[in-house]
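Enquirer: Please find one structure pasted underneath; my questions will follow.
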Amino acid sequence: MTAGPLLVQVAHLARRSVVRTLRQPLNVVPSFVFPLMLLAVNVGGLKAAANLPGFPADSYLNFALAFTFIQGALFATTNAGTDLARDIQTGFLDRLALTPMRSAALLLGQLAGVIALALLQATLYLAVGLAAGVRPESGLLGVAAILFLGVLIALGFGAIGAFLALRTGSGEAIQALFPLFFVFLFLSSMNLPRNLIEIDWFRTVATINPVSYLIEGIRSLIITGWDAQALALGFGLAATIAVVALAAASVALRGRLARS
Amino acid sequence: MRDEHGIQAQGLAREFRGGIRAVDGIELGVAPGEIFGFLGPNGAGKSTTVHMLTTLLPPSAGSARVAGFDVVHEGAQVRAAIGAALQEAALDPLLTGREHLRLQTALHGIGKAERRRRSEELLERVGLTEAADRKVKTYSGGMKRRLDLALALVHGPSILFLDEPTTGLDPQSRNALWSEVARLAREDGVTVFLTTQYLEEADVLADRVGIIDHGRIVAEGTPAALKAEIGRPSVEAIPADPVDLPGVAQTLERFGAPVPGSPKGVSVRLDGGEEALADVVRALDAEGLHLQHLQLHAPTLDDVFLAKTGRSLEGAGGELDEEPEPVPA
């Protein structure tokens with residue numbers, strides 16, 4: 001019996017990942033709704049910030065929309081992680097390990113499901129933004145770039161979720177880490193541009209927090225246009241996170257499978 | 001599908017973190033086409049052995065060949081030759097039975113047309129055609145086990161590992177599974193390595209039995225040979241009046257050595273075999289002892305376990321209630 005081509009394996013595992021995700025509406029709906037709810041709350045409460053001298057956008061909505069993509073990606077972390085952890089706990093991973101499945105197919109298949117969901121989320125966030133009056137300065141091509149960067153960030157975060165699942169084998173551990181990740185996101189430039197954060201330690205943390213640059217990459221496409229530095233940092237960091245997390249997850253998967 | 005090599009293990013051992021030696025140097029051989037029952041209490045090392053033989057867990061020591069391939073150095077060939085239904089049917093509750101088969105056949109590299117034909121055939125064989133498009137979370141325990149078996153068979157393996165396949169099943173589902181396993185061995189020549197903690201299962205299904213306790217094989221042979229090794233039957237007598245218990249014990253001990261039994265009565269292994277039963281009855285009658293219950297027990301595999309380990313298999317939990325989760329070394 002020969003191993004099926006990698007693409008066939010990836011396609012079937014991706015299909016499974018998407019199907020099982022769509023069959024858990026209680027897991028899917030929050031990833032669509034919560035980022036938009038938080039956006040509405042922030043825009044309602046912080047819209048006056050747009051009047052601050054040096055604020056980079058005409059409206060707070062234009063400024064804040066970028067964060068929904070990051071929050072959506074965070075849900076990708078937990079969904080990918082808990083799904084994989086459940087496969088470990090139920091023994092489904094052992095079942096897969098007994099087939100000629102290639103390790104790469106499992107990760108790629110699982111993450112293809114994350115990408116599909118992230119694309120749907122990003123499209124919704126963008127559609128809601130456009131309907132509310134946001135007009136990206138980078139134009140139509142910029143919209144494509146926003147979707148691409150949003151998906152790349154979700155891929156990286158999803159790979160982190162997969163890595164954590166493979167290391168811990170526990171869905172509960174992934175869920176427990178969710179609030180920690182959330183704090184990490186809040187300690188960034190999500191609510192204010194870094195130069196307008198007055199508290200020194202907060203500004204320092206936001207400056208060294210990679211999440212700030214992921215947000216600023218998307219944000220620049222909305223409020224500035226084609227800002228080479230912001231895009232280089234955003235895309236560069238997102239790609240680095242994705243590559244490092246995928247490599248770590250691959251190593252963890254090899255250890256977890258431990259098959260000879 | 002017919003196997004020509006069977007399974008051989010020499011000094012196979014597995015130690016987990018903390019120095020727990022779940023499997024402690026077992027030697028075993030399973031002939032091609034044989035149903036081998038691997039019997040032992042929870043925590044005895046059954047599942048760890050299966051994980052090593054199916055390449056899911058590297059041994060700490062020793063070696064094993066499955067279908068003629070080394071489990072450490074020829075893992076891919078071993079996996080291609082075997083099918084496995086491991087403990088607790090490992091299924092995705094959100095997928096349907098048909099979707100499980102589609103995924104499993106695709107991962108085995110089976111072509112699209114053959115994939116469909118094989119899936120339908122297996123669904124029919126395990127009686128799940130009508131339930132094939134229902135999500136697995138709506139299946140009963142028996143249906144899950146049957147799907148699990150079908151998934152283990154998609155690529156036509158020559159050796160089948162079944163890890164406690166009937167645990168938690170009702171008698172009807174259990175009998176159906178036994179029939180299918182027996183059919184696979186007898187008609188298709190599949191070698192079956194079956195772990196169980198049920199004596200009856202090993203007795204009914206297995207051509208040969210290996211009894212494992214604390215990670216070591218304590219007995220191996222056909223069920224009949226193992227029971228014959230124990231030899232003589234035992235008799236249990238429960239007096240009608242508990243005050244007669246010492247008198248009954250004194251009388252019975254003239255016919256053989258005491259063995260564990262009901263606390264309300266006395267059990268002895270009959271030195272004279274079944275033929276001594278009439279003498280036992282006459283002796284008790286002569287002493288004026290009235291009985292509530294008298295029963296002759298033919299040797300069982302539990303007696304074999306008792307003789308080899310000093311404990312009864314029924315209810316024996318080993319040192320560990322559960323074997324440690326196989327984790328990467």
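Ligands are numbered from 1 in the order shown, residues from 1 within each chain, and chains are lettered A, B, ... in the order they appear in the structure tokens.
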Which residues, written as a list in words, have at least one atom at most 10 Å from Leu141 in chain A, with only C-alpha atoms counted and residues fewer than 5 positions away on the same chain left out?
Expert: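 Non-adjacent residues within range: Pro136, Ile146 and Leu221 of chain A.
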Enquirer: Write a file of the selected residues as a compact mmCIF listing (two decimals), in the first residue's frame, keeping N, CA and C atoms.
Expert:
# COMPACT_ATOMS: atom_id res chain seq x y z
N PRO A 136 -10.77 51.95 2.75
CA PRO A 136 -9.31 51.76 2.85
C PRO A 136 -8.56 52.67 1.87
N ILE A 146 -5.24 43.29 2.84
CA ILE A 146 -5.77 43.16 4.22
C ILE A 146 -6.21 41.71 4.46
N LEU A 221 -2.91 49.90 5.92
CA LEU A 221 -3.61 49.73 4.63
C LEU A 221 -4.97 50.43 4.65
Enquirer: Using only C-alpha atoms, which chain B residues lie at most 9 Å away from chain A, written as an NGL selection string?
Expert: :B and (54-58 or 71-77 or 79-95 or 99 or 102-104 or 106-111 or 152 or 155 or 327-329)
Enquirer: Those residues with C-alpha atoms, as a tab-separated table (two decimals), in the first residue's frame please?
Expert:
chain	number	residue	atom	x	y	z
B	54	THR	CA	1.52	-1.39	16.06
B	55	THR	CA	4.55	0.99	15.94
B	56	LEU	CA	2.77	3.71	17.91
B	57	LEU	CA	5.23	3.44	20.76
B	58	PRO	CA	8.93	2.61	20.51
B	71	VAL	CA	8.44	-2.68	14.39
B	72	VAL	CA	11.26	-0.22	14.99
B	73	HIS	CA	13.08	-0.14	11.67
B	74	GLU	CA	10.28	-1.03	9.26
B	75	GLY	CA	7.40	0.87	10.80
B	76	ALA	CA	5.79	1.93	7.51
B	77	GLN	CA	5.71	-1.67	6.24
B	79	ARG	CA	1.52	-0.20	9.40
B	80	ALA	CA	0.67	-1.13	5.81
B	81	ALA	CA	0.17	-4.75	6.85
B	82	ILE	CA	-1.90	-4.22	9.98
B	83	GLY	CA	-5.27	-2.87	10.95
B	84	ALA	CA	-6.00	-1.73	14.49
B	85	ALA	CA	-9.04	-0.89	16.54
B	86	LEU	CA	-7.56	0.54	19.69
B	87	GLN	CA	-9.16	0.91	23.12
B	88	GLU	CA	-12.17	3.27	23.16
B	89	ALA	CA	-13.31	3.59	19.55
B	90	ALA	CA	-11.29	6.58	18.33
B	91	LEU	CA	-13.87	8.32	16.18
B	92	ASP	CA	-14.79	11.92	15.42
B	93	PRO	CA	-18.28	12.45	16.82
B	94	LEU	CA	-18.94	15.24	14.30
B	95	LEU	CA	-18.28	13.12	11.20
B	99	GLU	CA	-17.06	10.37	6.07
B	102	ARG	CA	-13.80	8.24	3.02
B	103	LEU	CA	-11.02	9.83	5.08
B	104	GLN	CA	-9.46	6.53	6.08
B	106	ALA	CA	-8.04	8.36	1.13
B	107	LEU	CA	-5.21	8.41	3.68
B	108	HIS	CA	-4.40	4.84	2.72
B	109	GLY	CA	-3.98	6.00	-0.87
B	110	ILE	CA	-6.92	4.00	-2.22
B	111	GLY	CA	-8.26	5.32	-5.55
B	152	ALA	CA	-9.33	-1.03	10.63
B	155	HIS	CA	-6.85	-1.46	3.34
B	327	VAL	CA	3.76	9.37	25.47
B	328	PRO	CA	6.86	10.16	23.50
B	329	ALA	CA	10.02	8.93	25.17
Enquirer: Considering only C-alpha atoms, can you say which of A:Ala14, A:Ala64, A:Val183, A:Ile208 comes closest to Ala116 in chain A?
Expert: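 Of A:Ala14, A:Ala64, A:Val183, A:Ile208, the one nearest Ala116 in chain A is A:Ala14, counting only C-alpha atoms.
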Enquirer: Figure out the distance between CA of Thr195 in chain B and CA of Leu169 in chain B, please, to one decimal in Å.
Expert: 15.0 Å
Enquirer: Nearest to Thr105 in chain B among B:Lys46, B:Arg125, B:Arg117, B:Arg65, with distances taken over only C-alpha atoms: which residue is it?
Expert: B:Arg117
Enquirer: To one decimal place in Å, what is the distance between CA of Leu177 in chain B and CA of Arg311 in chain B?
Expert: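 About the pair CA of Leu177 in chain B and CA of Arg311 in chain B: they are 29.4 Å apart.
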Enquirer: Using only C-alpha atoms, determine which residues lie at most 9 Å from Asn209 in chain A, disregarding the query and same-chain residues fewer than 2 positions distant; provide the list as number ranges by chain.
Expert: A: 184-185, 187-189, 204-207, 211-213
Enquirer: Restrict the selected residues to N, CA and C atoms and save them as a compact mmCIF listing (two decimals), in the first residue's frame.
Expert:
# COMPACT_ATOMS: atom_id res chain seq x y z
N PHE A 184 -2.15 39.74 26.26
CA PHE A 184 -1.05 40.04 25.34
C PHE A 184 -1.54 40.97 24.22
N LEU A 185 -2.73 40.71 23.73
CA LEU A 185 -3.29 41.55 22.66
C LEU A 185 -3.61 42.96 23.17
N LEU A 187 -2.14 44.56 25.49
CA LEU A 187 -0.92 45.33 25.77
C LEU A 187 -0.21 45.68 24.47
N SER A 188 -0.98 46.15 23.53
CA SER A 188 -0.43 46.52 22.22
C SER A 188 -1.01 47.88 21.82
N SER A 189 -0.81 48.24 20.56
CA SER A 189 -1.34 49.53 20.10
C SER A 189 -2.75 49.37 19.56
N THR A 204 6.18 51.13 26.36
CA THR A 204 7.35 50.25 26.15
C THR A 204 6.89 48.84 25.79
N VAL A 205 5.92 48.34 26.58
CA VAL A 205 5.43 46.98 26.30
C VAL A 205 4.81 46.91 24.91
N ALA A 206 4.01 47.91 24.58
CA ALA A 206 3.35 47.93 23.25
C ALA A 206 4.39 47.99 22.13
N THR A 207 5.51 48.63 22.42
CA THR A 207 6.55 48.78 21.38
C THR A 207 7.29 47.46 21.14
N VAL A 211 2.47 41.99 18.45
CA VAL A 211 1.07 42.17 18.03
C VAL A 211 0.83 43.59 17.52
N SER A 212 1.51 44.58 18.13
CA SER A 212 1.36 45.97 17.70
C SER A 212 1.65 46.10 16.21
N TYR A 213 2.68 45.43 15.76
CA TYR A 213 3.10 45.59 14.35
C TYR A 213 2.18 44.82 13.40
Enquirer: Applying 7 Å and only C-alpha atoms, which residues near Lys227 in chain B remain after dropping the ones on its own chain fewer than 6 positions away? List them as a list in words.
Expert: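 Returned residues: Pro299, Thr300, Leu301 and Val304 of chain B.
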Enquirer: Convert the current residue selection to file output with C-alpha atoms, as a tab-separated table (two decimals), in the first residue's frame.
Expert:
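Once written, out-v8.tsv looks like this:
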chain	number	residue	atom	x	y	z
B	299	PRO	CA	-11.16	-25.16	35.84
B	300	THR	CA	-11.47	-21.80	34.11
B	301	LEU	CA	-8.95	-19.34	32.76
B	304	VAL	CA	-5.21	-20.47	35.56
Enquirer: Apply DSSP to the structure's backbone, then extract all residues of range 81-157 of chain B labelled strand (DSSP E) and return them as JSON, numbers by chain.
Expert: {"B": [82, 83, 84, 85]}
Enquirer: List the spatial neighbours of range 171-177 of chain A as a PyMOL selection string - criterion: any atom at most 10 Å away, only C-alpha atoms, same-chain residues fewer than 4 positions off excluded.
Expert: chain A and resi 77-89+161-162+164-165+181-182
Enquirer: Any chance you could export the current selection's N, CA and C atoms as a PDB file, in the first residue's frame?
Expert:
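Result went into again-v1.pdb, see below:
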ATOM      1  N   THR A  77      -6.491  30.311  16.982  1.00  0.00           N
ATOM      2  CA  THR A  77      -5.544  29.613  17.858  1.00  0.00           C
ATOM      3  C   THR A  77      -6.271  28.581  18.707  1.00  0.00           C
ATOM      4  N   THR A  78      -7.335  29.035  19.344  1.00  0.00           N
ATOM      5  CA  THR A  78      -8.031  28.127  20.259  1.00  0.00           C
ATOM      6  C   THR A  78      -8.769  27.035  19.491  1.00  0.00           C
ATOM      7  N   ASN A  79      -9.396  27.404  18.352  1.00  0.00           N
ATOM      8  CA  ASN A  79     -10.121  26.370  17.600  1.00  0.00           C
ATOM      9  C   ASN A  79      -9.181  25.294  17.081  1.00  0.00           C
ATOM     10  N   ALA A  80      -8.072  25.724  16.474  1.00  0.00           N
ATOM     11  CA  ALA A  80      -7.117  24.741  15.935  1.00  0.00           C
ATOM     12  C   ALA A  80      -6.537  23.905  17.061  1.00  0.00           C
ATOM     13  N   GLY A  81      -6.225  24.564  18.165  1.00  0.00           N
ATOM     14  CA  GLY A  81      -5.610  23.870  19.296  1.00  0.00           C
ATOM     15  C   GLY A  81      -6.546  22.867  19.931  1.00  0.00           C
ATOM     16  N   THR A  82      -7.770  23.300  20.202  1.00  0.00           N
ATOM     17  CA  THR A  82      -8.693  22.389  20.899  1.00  0.00           C
ATOM     18  C   THR A  82      -9.097  21.219  19.999  1.00  0.00           C
ATOM     19  N   ASP A  83      -9.242  21.477  18.693  1.00  0.00           N
ATOM     20  CA  ASP A  83      -9.588  20.372  17.780  1.00  0.00           C
ATOM     21  C   ASP A  83      -8.492  19.314  17.768  1.00  0.00           C
ATOM     22  N   LEU A  84      -7.257  19.780  17.696  1.00  0.00           N
ATOM     23  CA  LEU A  84      -6.135  18.845  17.650  1.00  0.00           C
ATOM     24  C   LEU A  84      -5.971  18.118  18.994  1.00  0.00           C
ATOM     25  N   ALA A  85      -6.162  18.873  20.074  1.00  0.00           N
ATOM     26  CA  ALA A  85      -6.054  18.258  21.406  1.00  0.00           C
ATOM     27  C   ALA A  85      -7.125  17.177  21.575  1.00  0.00           C
ATOM     28  N   ARG A  86      -8.315  17.444  21.030  1.00  0.00           N
ATOM     29  CA  ARG A  86      -9.378  16.441  21.136  1.00  0.00           C
ATOM     30  C   ARG A  86      -8.993  15.176  20.357  1.00  0.00           C
ATOM     31  N   ASP A  87      -8.360  15.360  19.217  1.00  0.00           N
ATOM     32  CA  ASP A  87      -7.906  14.196  18.438  1.00  0.00           C
ATOM     33  C   ASP A  87      -6.892  13.375  19.219  1.00  0.00           C
ATOM     34  N   ILE A  88      -6.057  14.070  19.996  1.00  0.00           N
ATOM     35  CA  ILE A  88      -5.061  13.356  20.800  1.00  0.00           C
ATOM     36  C   ILE A  88      -5.765  12.615  21.935  1.00  0.00           C
ATOM     37  N   GLN A  89      -6.685  13.319  22.599  1.00  0.00           N
ATOM     38  CA  GLN A  89      -7.347  12.720  23.762  1.00  0.00           C
ATOM     39  C   GLN A  89      -8.224  11.532  23.378  1.00  0.00           C
ATOM     40  N   GLY A 161      -1.505  27.425  18.132  1.00  0.00           N
ATOM     41  CA  GLY A 161      -2.512  26.584  18.785  1.00  0.00           C
ATOM     42  C   GLY A 161      -2.210  25.112  18.585  1.00  0.00           C
ATOM     43  N   ALA A 162      -1.828  24.757  17.351  1.00  0.00           N
ATOM     44  CA  ALA A 162      -1.505  23.355  17.054  1.00  0.00           C
ATOM     45  C   ALA A 162      -0.284  22.905  17.856  1.00  0.00           C
ATOM     46  N   LEU A 164       0.776  24.106  20.747  1.00  0.00           N
ATOM     47  CA  LEU A 164       0.400  23.953  22.164  1.00  0.00           C
ATOM     48  C   LEU A 164      -0.392  22.656  22.379  1.00  0.00           C
ATOM     49  N   ALA A 165      -1.282  22.370  21.432  1.00  0.00           N
ATOM     50  CA  ALA A 165      -2.078  21.136  21.560  1.00  0.00           C
ATOM     51  C   ALA A 165      -1.177  19.911  21.516  1.00  0.00           C
ATOM     52  N   PHE A 181      -3.447  35.063  26.315  1.00  0.00           N
ATOM     53  CA  PHE A 181      -3.244  35.630  24.971  1.00  0.00           C
ATOM     54  C   PHE A 181      -3.973  36.962  24.841  1.00  0.00           C
ATOM     55  N   PHE A 182      -5.144  37.005  25.421  1.00  0.00           N
ATOM     56  CA  PHE A 182      -5.970  38.212  25.303  1.00  0.00           C
ATOM     57  C   PHE A 182      -5.275  39.402  25.957  1.00  0.00           C
TER      58      PHE A 182
END
Enquirer: For CA of Ala225 in chain B and CA of Arg208 in chain B, quote the distance in Å rounded to one decimal.
Expert: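 If I compute the distance from CA of Ala225 in chain B to CA of Arg208 in chain B, I get 9.2 Å.
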Enquirer: Using the chain letters and numbers from this document, which residues of range 88-253 of chain A does DSSP assign to alpha helix (DSSP H), as a PyMOL selection string?
Expert: chain A and resi 88-90+92-97+103-131+139-168+171-186+200-208+210-223+228-253
Enquirer: Ile218 in chain A: which residues within 10 Å, counting only C-alpha atoms, same-chain residues fewer than 3 positions away excluded, as a ChimeraX atom specification?
Expert: /A:63,65-67,69-70,142-143,145-150,213-215,221-224,230-231,234-235
Enquirer: Skip range 182-193 of chain B itself and residues of its chain fewer than 6 positions away, then list as a short mmCIF file (atom, residue, chain, number, x, y, z; two decimals) with C-alpha atoms, in the first residue's frame all residues within 6 Å of it, counting only C-alpha atoms.
Expert:
data_model
loop_
_atom_site.label_atom_id
_atom_site.label_comp_id
_atom_site.auth_asym_id
_atom_site.auth_seq_id
_atom_site.Cartn_x
_atom_site.Cartn_y
_atom_site.Cartn_z
CA ARG B 2 -3.75 -13.90 4.24
CA PRO B 32 -0.39 -16.74 10.88
CA GLY B 33 -4.20 -16.98 10.81
CA GLU B 34 -4.39 -17.51 14.55
CA ILE B 35 -6.63 -15.64 16.98
CA PHE B 36 -4.41 -14.84 19.93
CA SER B 158 -3.31 -9.30 7.06
CA ILE B 159 -2.99 -8.77 10.82
CA LEU B 160 -5.64 -7.20 12.98
CA PHE B 161 -5.07 -5.74 16.46
#
Enquirer: Could you check which of B:Gly215, B:Gly141, B:Gly97, B:Gly127 is closest to Arg21 in chain B, using only C-alpha atoms?
Expert: B:Gly215
